[in-house]
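> Below you'll find protein_18.tsv; it's TSV, C-alpha atoms.
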```
chain	number	residue	atom	x	y	z
M	1	MET	CA	0.00	0.00	0.00
M	2	PRO	CA	1.17	3.57	-0.48
M	3	ILE	CA	2.39	4.82	2.86
M	4	SER	CA	3.83	7.93	4.33
M	5	LEU	CA	6.64	7.57	6.84
M	6	ALA	CA	5.12	9.89	9.38
M	7	GLY	CA	8.06	9.63	11.74
M	8	ASN	CA	10.43	10.85	9.06
M	9	SER	CA	8.47	13.93	8.14
M	10	ALA	CA	9.76	17.39	8.85
M	11	ALA	CA	6.47	18.98	9.80
M	12	GLY	CA	7.97	21.07	12.57
M	13	THR	CA	6.03	22.34	15.54
M	14	LYS	CA	3.98	25.08	13.93
M	15	GLY	CA	0.27	24.56	14.45
M	16	ALA	CA	-2.06	23.37	11.74
M	17	TYR	CA	-4.81	25.92	12.43
M	18	ILE	CA	-3.84	29.29	11.03
M	19	PRO	CA	-6.09	32.25	11.89
M	20	ILE	CA	-7.12	34.07	8.71
M	21	THR	CA	-9.60	36.65	9.92
M	22	SER	CA	-12.49	37.21	12.29
M	23	TYR	CA	-15.69	39.24	12.45
M	24	THR	CA	-17.76	40.49	15.37
M	25	VAL	CA	-21.28	41.85	14.92
M	26	THR	CA	-21.46	45.31	16.45
M	27	VAL	CA	-24.62	46.47	14.64
M	28	SER	CA	-27.64	44.19	14.79
M	29	GLY	CA	-28.45	42.69	11.41
M	30	ASN	CA	-24.93	42.62	10.07
M	31	TYR	CA	-23.20	39.44	8.89
M	32	PRO	CA	-19.72	38.50	7.70
M	33	ILE	CA	-18.50	38.24	4.13
M	34	PHE	CA	-15.07	36.65	3.93
M	35	THR	CA	-13.49	37.39	0.58
M	36	ASN	CA	-10.06	36.84	-0.95
M	37	ILE	CA	-9.62	33.69	1.11
M	38	PRO	CA	-5.98	32.56	0.83
M	39	GLN	CA	-5.50	29.52	-1.38
M	40	THR	CA	-2.54	28.20	0.59
M	41	TYR	CA	-4.21	25.74	2.98
M	42	THR	CA	-5.90	22.33	2.69
M	43	ASP	CA	-9.11	22.85	4.65
M	44	LEU	CA	-11.09	25.80	5.98
M	45	VAL	CA	-12.79	26.01	9.38
M	46	VAL	CA	-15.28	28.68	10.47
M	47	VAL	CA	-16.12	28.83	14.16
M	48	CYS	CA	-19.37	30.72	14.79
M	49	TYR	CA	-21.02	31.88	18.00
M	50	THR	CA	-24.35	33.26	16.88
M	51	ARG	CA	-27.77	34.54	17.71
M	52	ALA	CA	-30.29	35.55	15.05
M	53	GLY	CA	-31.34	39.14	14.60
M	54	SER	CA	-34.82	37.94	13.70
M	55	SER	CA	-37.76	37.24	15.99
M	56	SER	CA	-38.71	34.06	14.19
M	57	SER	CA	-39.49	31.17	16.50
M	58	THR	CA	-36.94	29.09	14.61
M	59	ASP	CA	-34.02	30.30	12.59
M	60	TYR	CA	-30.83	28.96	11.07
M	61	VAL	CA	-27.26	29.78	10.22
M	62	VAL	CA	-26.62	29.20	6.52
M	63	CYS	CA	-23.57	29.59	4.34
M	64	GLY	CA	-23.02	30.98	0.87
M	65	ILE	CA	-20.00	29.94	-1.15
M	66	ASN	CA	-18.28	32.12	-3.74
M	67	GLN	CA	-21.41	34.29	-3.79
M	68	ASP	CA	-22.77	31.60	-6.09
M	69	SER	CA	-26.58	31.52	-5.86
M	70	SER	CA	-27.05	28.97	-8.63
M	71	ALA	CA	-28.91	25.81	-7.58
M	72	ILE	CA	-25.85	23.57	-7.21
M	73	HIS	CA	-25.83	23.34	-3.42
M	74	SER	CA	-27.22	20.39	-1.46
M	75	PHE	CA	-27.19	19.18	2.11
M	76	THR	CA	-28.45	16.49	4.48
M	77	TYR	CA	-28.83	17.01	8.20
M	78	VAL	CA	-29.57	15.14	11.39
M	79	ARG	CA	-31.12	17.34	14.05
M	80	ASN	CA	-31.96	16.35	17.59
M	81	THR	CA	-34.13	18.56	19.75
M	82	THR	CA	-34.86	17.37	23.24
M	83	SER	CA	-36.06	13.78	22.66
M	84	SER	CA	-36.92	13.83	18.96
M	85	TYR	CA	-34.78	13.82	15.86
M	86	THR	CA	-35.25	14.97	12.29
M	87	VAL	CA	-33.40	13.81	9.22
M	88	SER	CA	-33.94	15.84	6.10
M	89	TYR	CA	-32.21	17.20	3.03
M	90	ALA	CA	-32.29	19.75	0.27
M	91	THR	CA	-31.12	19.54	-3.31
M	92	ASN	CA	-30.85	22.27	-5.93
M	93	ALA	CA	-30.46	24.75	-3.12
M	94	THR	CA	-28.83	28.16	-3.43
M	95	TYR	CA	-26.98	27.97	-0.12
M	96	ASP	CA	-25.35	25.39	2.13
M	97	PHE	CA	-26.17	24.15	5.63
M	98	LEU	CA	-29.17	24.77	7.89
M	99	GLN	CA	-28.00	25.03	11.49
M	100	ASN	CA	-30.42	26.02	14.27
M	101	HIS	CA	-29.48	28.86	16.54
M	102	PRO	CA	-31.23	31.08	19.08
M	103	THR	CA	-33.35	34.02	17.96
M	104	GLN	CA	-34.69	37.18	19.55
M	105	VAL	CA	-37.54	35.18	21.10
M	106	ASN	CA	-35.06	33.27	23.25
M	107	ALA	CA	-33.62	34.58	26.47
M	108	SER	CA	-31.07	37.33	25.98
M	109	GLY	CA	-27.51	36.17	26.17
M	110	LEU	CA	-28.21	32.81	24.52
M	111	PHE	CA	-25.95	32.08	21.55
M	112	GLY	CA	-25.43	28.89	19.56
M	113	SER	CA	-22.08	27.36	18.64
M	114	THR	CA	-21.51	26.15	15.08
M	115	VAL	CA	-18.39	24.88	13.34
M	116	PHE	CA	-18.22	24.61	9.55
M	117	GLU	CA	-15.40	22.61	7.97
M	118	PHE	CA	-14.67	22.70	4.24
M	119	PHE	CA	-12.36	20.04	2.83
M	120	ASN	CA	-9.77	20.36	0.08
M	121	TYR	CA	-11.24	23.74	-0.79
M	122	THR	CA	-8.73	24.64	-3.50
M	123	SER	CA	-9.04	21.37	-5.42
M	124	SER	CA	-10.84	20.77	-8.69
M	125	ASN	CA	-13.19	18.31	-6.95
M	126	TYR	CA	-16.71	19.18	-5.89
M	127	LYS	CA	-16.54	20.67	-2.39
M	128	THR	CA	-17.75	18.87	0.71
M	129	GLY	CA	-18.37	20.43	4.06
M	130	ILE	CA	-19.60	19.39	7.47
M	131	GLY	CA	-21.50	21.58	9.91
M	132	LYS	CA	-21.79	20.87	13.63
M	133	THR	CA	-24.01	22.85	15.95
M	134	ALA	CA	-24.68	22.79	19.67
M	135	GLY	CA	-27.29	25.10	21.07
M	136	ASP	CA	-29.35	25.46	24.20
M	137	PHE	CA	-32.30	27.69	23.47
M	138	ASP	CA	-33.90	27.74	26.88
M	139	THR	CA	-33.73	25.77	30.07
M	140	SER	CA	-35.44	22.71	28.60
M	141	ASN	CA	-34.70	22.65	24.90
M	142	GLY	CA	-31.24	21.87	23.54
M	143	THR	CA	-30.50	21.24	19.90
M	144	ALA	CA	-27.70	19.37	18.17
M	145	VAL	CA	-27.33	19.48	14.40
M	146	MET	CA	-24.92	17.65	12.10
M	147	THR	CA	-24.99	18.47	8.40
M	148	ALA	CA	-23.25	17.21	5.28
M	149	SER	CA	-23.02	19.76	2.52
M	150	LEU	CA	-22.00	19.60	-1.11
M	151	TYR	CA	-21.15	22.49	-3.41
M	152	SER	CA	-21.19	20.95	-6.89
M	153	SER	CA	-18.56	23.18	-8.34
M	154	THR	CA	-14.97	22.53	-9.33
M	155	SER	CA	-14.04	26.13	-8.52
M	156	ALA	CA	-11.83	26.81	-5.55
M	157	ILE	CA	-13.59	28.42	-2.60
M	158	THR	CA	-12.52	32.04	-2.50
M	159	SER	CA	-15.31	33.59	-0.45
M	160	LEU	CA	-17.81	32.65	2.24
M	161	ILE	CA	-20.90	34.42	3.50
M	162	ILE	CA	-22.34	33.36	6.83
M	163	ALA	CA	-25.96	34.49	7.04
M	164	ASN	CA	-29.21	34.10	8.91
M	165	TYR	CA	-31.85	32.09	7.01
M	166	ASN	CA	-34.79	34.41	7.72
M	167	GLY	CA	-32.84	37.56	7.11
M	168	TYR	CA	-32.12	40.22	9.70
M	169	GLY	CA	-28.53	39.05	10.03
M	170	PHE	CA	-27.11	38.38	13.45
M	171	ALA	CA	-27.46	39.85	16.90
M	172	VAL	CA	-24.80	42.08	18.39
M	173	GLY	CA	-22.07	40.00	19.97
M	174	SER	CA	-22.15	37.21	17.40
M	175	THR	CA	-18.60	36.23	16.44
M	176	PHE	CA	-17.01	34.39	13.52
M	177	TYR	CA	-13.47	33.08	13.21
M	178	LEU	CA	-12.03	31.82	9.93
M	179	TYR	CA	-9.05	29.44	10.00
M	180	GLY	CA	-6.98	27.69	7.38
M	181	VAL	CA	-5.87	24.16	8.17
M	182	ARG	CA	-2.46	23.49	6.70
M	183	ARG	CA	-1.05	20.05	6.13
M	184	ALA	CA	2.56	18.91	6.38
M	185	GLY	CA	4.61	20.75	3.83
M	186	GLN	CA	2.36	23.82	3.66
U	1	MET	CA	-3.66	22.23	22.72
U	2	THR	CA	-2.21	22.71	19.28
U	3	MET	CA	-2.74	20.52	16.24
U	4	ILE	CA	0.53	19.79	14.47
U	5	PRO	CA	0.77	18.48	10.88
U	6	ILE	CA	2.66	15.17	10.81
U	7	ALA	CA	2.48	13.95	7.22
U	8	SER	CA	0.31	14.24	4.13
U	9	PHE	CA	0.07	12.93	0.61
U	10	ALA	CA	-2.28	12.73	-2.35
U	11	THR	CA	-4.78	9.89	-2.48
U	12	ASN	CA	-3.69	7.39	-5.12
U	13	GLY	CA	-4.54	3.88	-3.98
U	14	THR	CA	-7.24	1.74	-2.47
U	15	THR	CA	-5.31	1.36	0.80
U	16	GLN	CA	-3.24	4.18	2.19
U	17	GLY	CA	-1.72	4.93	5.53
U	18	PHE	CA	1.07	6.12	7.76
U	19	THR	CA	3.90	4.29	9.52
U	20	ASN	CA	6.41	5.34	12.18
U	21	ILE	CA	3.79	7.57	13.79
U	22	PRO	CA	5.43	9.80	16.44
U	23	GLN	CA	4.45	8.91	20.00
U	24	ASN	CA	4.71	12.39	21.51
U	25	PHE	CA	1.13	13.60	21.05
U	26	VAL	CA	-2.01	13.02	23.11
U	27	SER	CA	-4.33	12.41	20.19
U	28	LEU	CA	-4.20	11.87	16.43
U	29	GLN	CA	-6.44	13.38	13.79
U	30	LEU	CA	-6.79	12.02	10.29
U	31	ARG	CA	-8.32	14.28	7.65
U	32	ILE	CA	-9.22	12.77	4.29
U	33	SER	CA	-10.86	14.17	1.18
U	34	TYR	CA	-11.11	11.98	-1.90
U	35	THR	CA	-13.23	11.10	-4.90
U	36	ASN	CA	-14.86	7.98	-6.34
U	37	GLY	CA	-15.36	5.94	-3.18
U	38	ALA	CA	-17.24	2.65	-3.00
U	39	GLY	CA	-18.62	0.59	-0.13
U	40	PHE	CA	-17.34	0.64	3.42
U	41	GLN	CA	-14.13	2.39	4.32
U	42	ASN	CA	-12.16	0.63	7.04
U	43	ILE	CA	-9.36	1.73	9.32
U	44	TYR	CA	-6.69	-0.68	10.59
U	45	PHE	CA	-4.11	-0.11	13.28
U	46	ASN	CA	-0.61	-1.59	13.44
U	47	GLY	CA	-1.31	-3.88	10.50
U	48	ASP	CA	-4.04	-5.75	12.40
U	49	ASN	CA	-6.60	-6.65	9.74
U	50	THR	CA	-8.47	-9.21	11.82
U	51	ALA	CA	-12.00	-7.87	11.58
U	52	THR	CA	-13.17	-9.37	14.86
U	53	ASN	CA	-10.65	-7.30	16.77
U	54	TYR	CA	-12.74	-4.24	15.95
U	55	TYR	CA	-16.25	-3.02	16.69
U	56	SER	CA	-17.96	-0.11	14.95
U	57	ASN	CA	-21.21	1.66	15.57
U	58	GLN	CA	-22.57	4.42	13.37
U	59	TYR	CA	-25.50	6.80	13.19
U	60	GLY	CA	-26.24	9.38	10.57
U	61	GLY	CA	-28.55	10.73	7.93
U	62	GLU	CA	-29.04	9.88	4.28
U	63	ASN	CA	-31.52	12.23	2.68
U	64	SER	CA	-34.58	11.88	4.93
U	65	ALA	CA	-33.64	8.53	6.49
U	66	ILE	CA	-31.73	7.81	9.65
U	67	ASN	CA	-28.87	5.34	9.19
U	68	LEU	CA	-27.82	3.06	12.03
U	69	TYR	CA	-25.10	0.48	11.44
U	70	TYR	CA	-22.91	-1.61	13.61
U	71	GLY	CA	-20.51	-4.41	12.95
U	72	ASN	CA	-17.56	-6.48	14.06
U	73	PHE	CA	-15.16	-4.75	11.71
U	74	PRO	CA	-13.50	-1.33	11.65
U	75	PHE	CA	-15.63	0.75	9.31
U	76	ILE	CA	-15.56	4.52	9.55
U	77	GLY	CA	-18.05	5.26	6.82
U	78	TYR	CA	-19.92	4.00	3.80
U	79	THR	CA	-20.28	5.60	0.43
U	80	THR	CA	-21.00	4.85	-3.17
U	81	GLY	CA	-20.39	8.34	-4.32
U	82	PRO	CA	-17.87	10.58	-5.95
U	83	VAL	CA	-17.08	13.09	-3.21
U	84	ASN	CA	-16.19	12.13	0.34
U	85	SER	CA	-14.45	13.62	3.35
U	86	TYR	CA	-13.50	12.37	6.80
U	87	ILE	CA	-12.23	13.62	10.10
U	88	VAL	CA	-11.09	10.78	12.38
U	89	ASP	CA	-9.94	11.49	15.94
U	90	ILE	CA	-7.92	8.86	17.81
U	91	PRO	CA	-7.39	9.87	21.45
U	92	ASP	CA	-4.78	8.28	23.72
U	93	TYR	CA	-3.33	6.39	20.76
U	94	ASN	CA	0.01	5.91	22.52
U	95	LEU	CA	-1.21	4.66	25.92
U	96	THR	CA	-0.65	0.96	26.53
U	97	SER	CA	-3.16	0.85	29.38
U	98	LYS	CA	-6.25	1.29	27.19
U	99	TYR	CA	-8.08	-0.28	24.30
U	100	LYS	CA	-8.08	2.19	21.43
U	101	THR	CA	-11.07	4.16	20.16
U	102	ALA	CA	-11.63	6.33	17.13
U	103	LEU	CA	-14.42	8.77	16.32
U	104	ALA	CA	-15.07	9.43	12.65
U	105	SER	CA	-17.12	12.25	11.13
U	106	PHE	CA	-18.03	11.61	7.52
U	107	VAL	CA	-19.64	13.60	4.75
U	108	GLY	CA	-20.29	12.01	1.39
U	109	ASP	CA	-22.27	12.54	-1.73
U	110	ASN	CA	-23.82	9.70	-3.68
U	111	ASN	CA	-24.73	11.25	-6.95
U	112	SER	CA	-23.60	14.78	-7.55
U	113	GLY	CA	-25.99	16.39	-5.19
U	114	SER	CA	-29.05	14.17	-5.29
U	115	THR	CA	-28.11	12.20	-2.18
U	116	SER	CA	-25.74	13.08	0.58
U	117	LEU	CA	-24.76	11.42	3.82
U	118	VAL	CA	-23.53	12.63	7.16
U	119	THR	CA	-22.45	10.12	9.79
U	120	LYS	CA	-20.65	9.70	13.08
U	121	THR	CA	-18.93	6.39	13.74
U	122	ALA	CA	-17.32	5.04	16.87
U	123	VAL	CA	-14.62	2.40	16.42
U	124	LEU	CA	-13.12	0.20	19.13
U	125	TRP	CA	-9.87	-1.70	18.58
U	126	THR	CA	-9.49	-4.29	21.32
U	127	SER	CA	-5.77	-3.84	21.75
U	128	THR	CA	-3.70	-1.99	24.31
U	129	ALA	CA	-0.77	-1.60	21.93
U	130	ALA	CA	0.36	1.90	21.12
U	131	ILE	CA	-0.66	2.84	17.60
U	132	THR	CA	2.47	3.19	15.50
U	133	SER	CA	0.88	2.77	12.09
U	134	LEU	CA	-2.56	3.03	10.56
U	135	ALA	CA	-4.10	2.33	7.19
U	136	VAL	CA	-7.39	3.26	5.58
U	137	ASN	CA	-8.88	0.77	3.14
U	138	PHE	CA	-11.12	2.53	0.67
U	139	ASN	CA	-12.54	-0.88	-0.28
U	140	GLY	CA	-12.15	-0.86	-4.01
U	141	GLY	CA	-12.96	2.74	-4.62
U	142	ALA	CA	-11.10	4.29	-7.50
U	143	ILE	CA	-9.35	6.95	-5.47
U	144	GLY	CA	-8.83	10.13	-7.39
U	145	ALA	CA	-5.38	11.65	-7.22
U	146	THR	CA	-6.93	15.04	-6.55
U	147	GLY	CA	-7.71	14.00	-3.00
U	148	VAL	CA	-5.54	14.34	0.06
U	149	ILE	CA	-4.95	12.31	3.22
U	150	SER	CA	-3.27	14.06	6.14
U	151	LEU	CA	-2.24	13.03	9.64
U	152	TYR	CA	-2.05	15.45	12.56
U	153	GLY	CA	-1.10	15.19	16.22
U	154	TRP	CA	-2.63	17.20	19.09
U	155	THR	CA	-0.22	18.40	21.71
U	156	GLY	CA	-1.16	18.13	25.37
U	157	GLN	CA	-0.72	21.80	26.14
```
I'd like the structure from this file rewritten - as structure tokens, please.

Amino acid sequence: MPISLAGNSAAGTKGAYIPITSYTVTVSGNYPIFTNIPQTYTDLVVVCYTRAGSSSSTDYVVCGINQDSSAIHSFTYVRNTTSSYTVSYATNATYDFLQNHPTQVNASGLFGSTVFEFFNYTSSNYKTGIGKTAGDFDTSNGTAVMTASLYSSTSAITSLIIANYNGYGFAVGSTFYLYGVRRAGQ
Amino acid sequence: MTMIPIASFATNGTTQGFTNIPQNFVSLQLRISYTNGAGFQNIYFNGDNTATNYYSNQYGGENSAINLYYGNFPFIGYTTGPVNSYIVDIPDYNLTSKYKTALASFVGDNNSGSTSLVTKTAVLWTSTAAITSLAVNFNGGAIGATGVISLYGWTGQ
């Protein structure tokens, strides 16, 4: 089998996660647009701590890639809320992911945690991503969401928009951190 | 904790892996992205390909269906599709006082967007040996050379 002699590599001690940029919502309704993403890493990770600006009873964090609104996005998710789960999917979508997070109807100070990971984002393959969310929306109702996402494009990912599904952007205090994950040799 | 890159290479075979894994981390992470997978993908440690030495248990979603699998072999995912990615965490891989566990997160696409899968899989290897090598068997998938398989180690502080 093809192998890599891991013990002989010269990876050094520099960390794999490289901070690229971050964004903090200081005006309610705003959201981040990450453009000119460096093409020098293997994977991308976005760590989000969010609360919707809307007053919808349910709302979601979604992601736009390359500002491409053509219907070549799809995703499947498993969502568990309290004692029930939902499995669902979308094809021919214009965005990726559908991650629950608290809204203005939930107690103030409640934010949801979501991590998006995009694999091999500079390759000529279609782009896969995974979204993981943990949120507690009140004292009795927690939500966990795991989502597989596919962007059916061979273009490298150069920009990401993190948005709120029902509009109104995010609440003040929402934060977003974009990292590049380098591999050995990068 | 800091995640340190150990080694990486392009996917170009049905079984690929790493040997001489350094023993100075607290946890390993494998990150894989590849094309044209088929069937179950298995992970083997230290060249042990005896299926009954492993146990796997998986849950996940495929379109609107829940998927629950378990078996007496070391699968970390299942796909029949062209685009697949994994993150596999292997904590305490170097401790000789514990059986070894792995937790795999998988995202795959069956048919260019019409079906996609997301799964979590727990793997138990019933050995207390320190993990010095590992291999992933893509089970006959024609692995595209545009993919990448990378190994990382997490430091303890």
> Pull out every residue of chain U that has at least one atom within 9 Å of chain M, counting all atoms listed in the file, and report them as JSON, numbers by chain.
{"U": [2, 3, 4, 5, 6, 7, 8, 9, 11, 12, 13, 14, 15, 16, 17, 18, 19, 20, 21, 22, 31, 32, 33, 34, 35, 60, 61, 62, 63, 64, 65, 66, 82, 83, 84, 85, 86, 105, 106, 107, 108, 109, 112, 113, 114, 115, 116, 117, 118, 119, 133, 135, 146, 147, 148, 150, 151, 152]}
> Just give me the gap between atom CA of Val145 of chain M and atom CA of Thr133 of chain M in Å, one decimal is fine.
5.0 Å
> Name all residues at most 9 Å from segment 18-28 of chain M (count all atoms listed in the file; drop same-chain ones fewer than 3 positions away) and give them as a list in words.
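Returned residues: Gly15, Tyr31, Pro32, Ile33, Phe34, Ile37, Pro38, Tyr41, Gly53, Tyr168, Gly169, Phe170, Ala171, Val172, Gly173, Ser174, Thr175, Phe176, Tyr177, Leu178, Tyr179, Gly180, Val181 and Arg182 of chain M.
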> How many Å lie between atom CA of Ala104 of chain U and atom CA of Ala122 of chain U, rounded to one decimal?
6.5 Å
> Pick out the closest residue to Ala71 of chain M from this set: M:Ser56, M:Ser83, M:Tyr165, M:Tyr95. Count only C-alpha atoms.
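So, comparing all the options, the nearest one is M:Tyr95.
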> One decimal, Å: what's the distance from atom CA of Leu124 of chain U over to atom CA of Asn53 of chain U, could you say?
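Interatomic distance here is 8.2 Å.
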> For Thr79 of chain U, which of U:Gln29, U:Thr155, U:Gln23, U:Asn36 is the closest residue, counting only C-alpha atoms?
U:Asn36
> Need to verify the contact set: Ile43 of chain U, 7 Å, only C-alpha atoms, exclusion of same-chain residues closer than 3 positions in sequence. Can you return it as a ChimeraX atom specification?
/U:74-76,135-137
> Using all atoms listed in the file, find the one residue out of U:Val26, U:Gly71, U:Ala10, U:Ala130 that sits nearest to Gly144 of chain U.
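Among the listed residues, U:Ala10 lies closest to Gly144 of chain U.
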> Using only C-alpha atoms for the distances, tell me which of U:Lys98, U:Gly81, U:Lys120, U:Gly37 is nearest to Leu68 of chain U.
U:Lys120
> Please produce segment 48-65 of chain U, completed to N, CA and C atoms, as an mmCIF file, keeping the file's coordinate frame.

```cif
data_model
loop_
_atom_site.group_PDB
_atom_site.id
_atom_site.type_symbol
_atom_site.label_atom_id
_atom_site.label_comp_id
_atom_site.auth_asym_id
_atom_site.auth_seq_id
_atom_site.Cartn_x
_atom_site.Cartn_y
_atom_site.Cartn_z
ATOM 1 N N ASP U 48 -3.081 -4.741 11.931
ATOM 2 C CA ASP U 48 -4.040 -5.750 12.400
ATOM 3 C C ASP U 48 -5.293 -5.685 11.530
ATOM 4 N N ASN U 49 -5.416 -6.634 10.611
ATOM 5 C CA ASN U 49 -6.600 -6.650 9.740
ATOM 6 C C ASN U 49 -7.555 -7.780 10.087
ATOM 7 N N THR U 50 -7.493 -8.225 11.340
ATOM 8 C CA THR U 50 -8.470 -9.210 11.820
ATOM 9 C C THR U 50 -9.744 -8.468 12.210
ATOM 10 N N ALA U 51 -10.779 -8.665 11.421
ATOM 11 C CA ALA U 51 -12.000 -7.870 11.580
ATOM 12 C C ALA U 51 -12.588 -7.990 12.983
ATOM 13 N N THR U 52 -12.510 -9.172 13.567
ATOM 14 C CA THR U 52 -13.170 -9.370 14.860
ATOM 15 C C THR U 52 -12.446 -8.699 16.013
ATOM 16 N N ASN U 53 -11.318 -8.088 15.737
ATOM 17 C CA ASN U 53 -10.650 -7.300 16.770
ATOM 18 C C ASN U 53 -11.196 -5.882 16.858
ATOM 19 N N TYR U 54 -12.183 -5.598 16.012
ATOM 20 C CA TYR U 54 -12.740 -4.240 15.950
ATOM 21 C C TYR U 54 -14.261 -4.291 16.102
ATOM 22 N N TYR U 55 -14.796 -3.208 16.618
ATOM 23 C CA TYR U 55 -16.250 -3.020 16.690
ATOM 24 C C TYR U 55 -16.551 -1.591 16.248
ATOM 25 N N SER U 56 -17.572 -1.448 15.410
ATOM 26 C CA SER U 56 -17.960 -0.110 14.950
ATOM 27 C C SER U 56 -19.449 0.087 15.133
ATOM 28 N N ASN U 57 -19.815 1.325 15.403
ATOM 29 C CA ASN U 57 -21.210 1.660 15.570
ATOM 30 C C ASN U 57 -21.433 3.056 14.997
ATOM 31 N N GLN U 58 -22.403 3.174 14.134
ATOM 32 C CA GLN U 58 -22.570 4.420 13.370
ATOM 33 C C GLN U 58 -24.014 4.893 13.388
ATOM 34 N N TYR U 59 -24.190 6.207 13.460
ATOM 35 C CA TYR U 59 -25.500 6.800 13.190
ATOM 36 C C TYR U 59 -25.303 7.946 12.216
ATOM 37 N N GLY U 60 -26.365 8.270 11.503
ATOM 38 C CA GLY U 60 -26.240 9.380 10.570
ATOM 39 C C GLY U 60 -27.484 9.551 9.738
ATOM 40 N N GLY U 61 -27.423 10.439 8.786
ATOM 41 C CA GLY U 61 -28.550 10.730 7.930
ATOM 42 C C GLY U 61 -28.196 10.551 6.469
ATOM 43 N N GLU U 62 -29.163 9.995 5.735
ATOM 44 C CA GLU U 62 -29.040 9.880 4.280
ATOM 45 C C GLU U 62 -30.348 10.373 3.691
ATOM 46 N N ASN U 63 -30.297 11.546 3.098
ATOM 47 C CA ASN U 63 -31.520 12.230 2.680
ATOM 48 C C ASN U 63 -32.468 12.313 3.882
ATOM 49 N N SER U 64 -33.650 11.728 3.816
ATOM 50 C CA SER U 64 -34.580 11.880 4.930
ATOM 51 C C SER U 64 -34.616 10.651 5.830
ATOM 52 N N ALA U 65 -33.653 9.757 5.688
ATOM 53 C CA ALA U 65 -33.640 8.530 6.490
ATOM 54 C C ALA U 65 -32.508 8.558 7.494
#
```
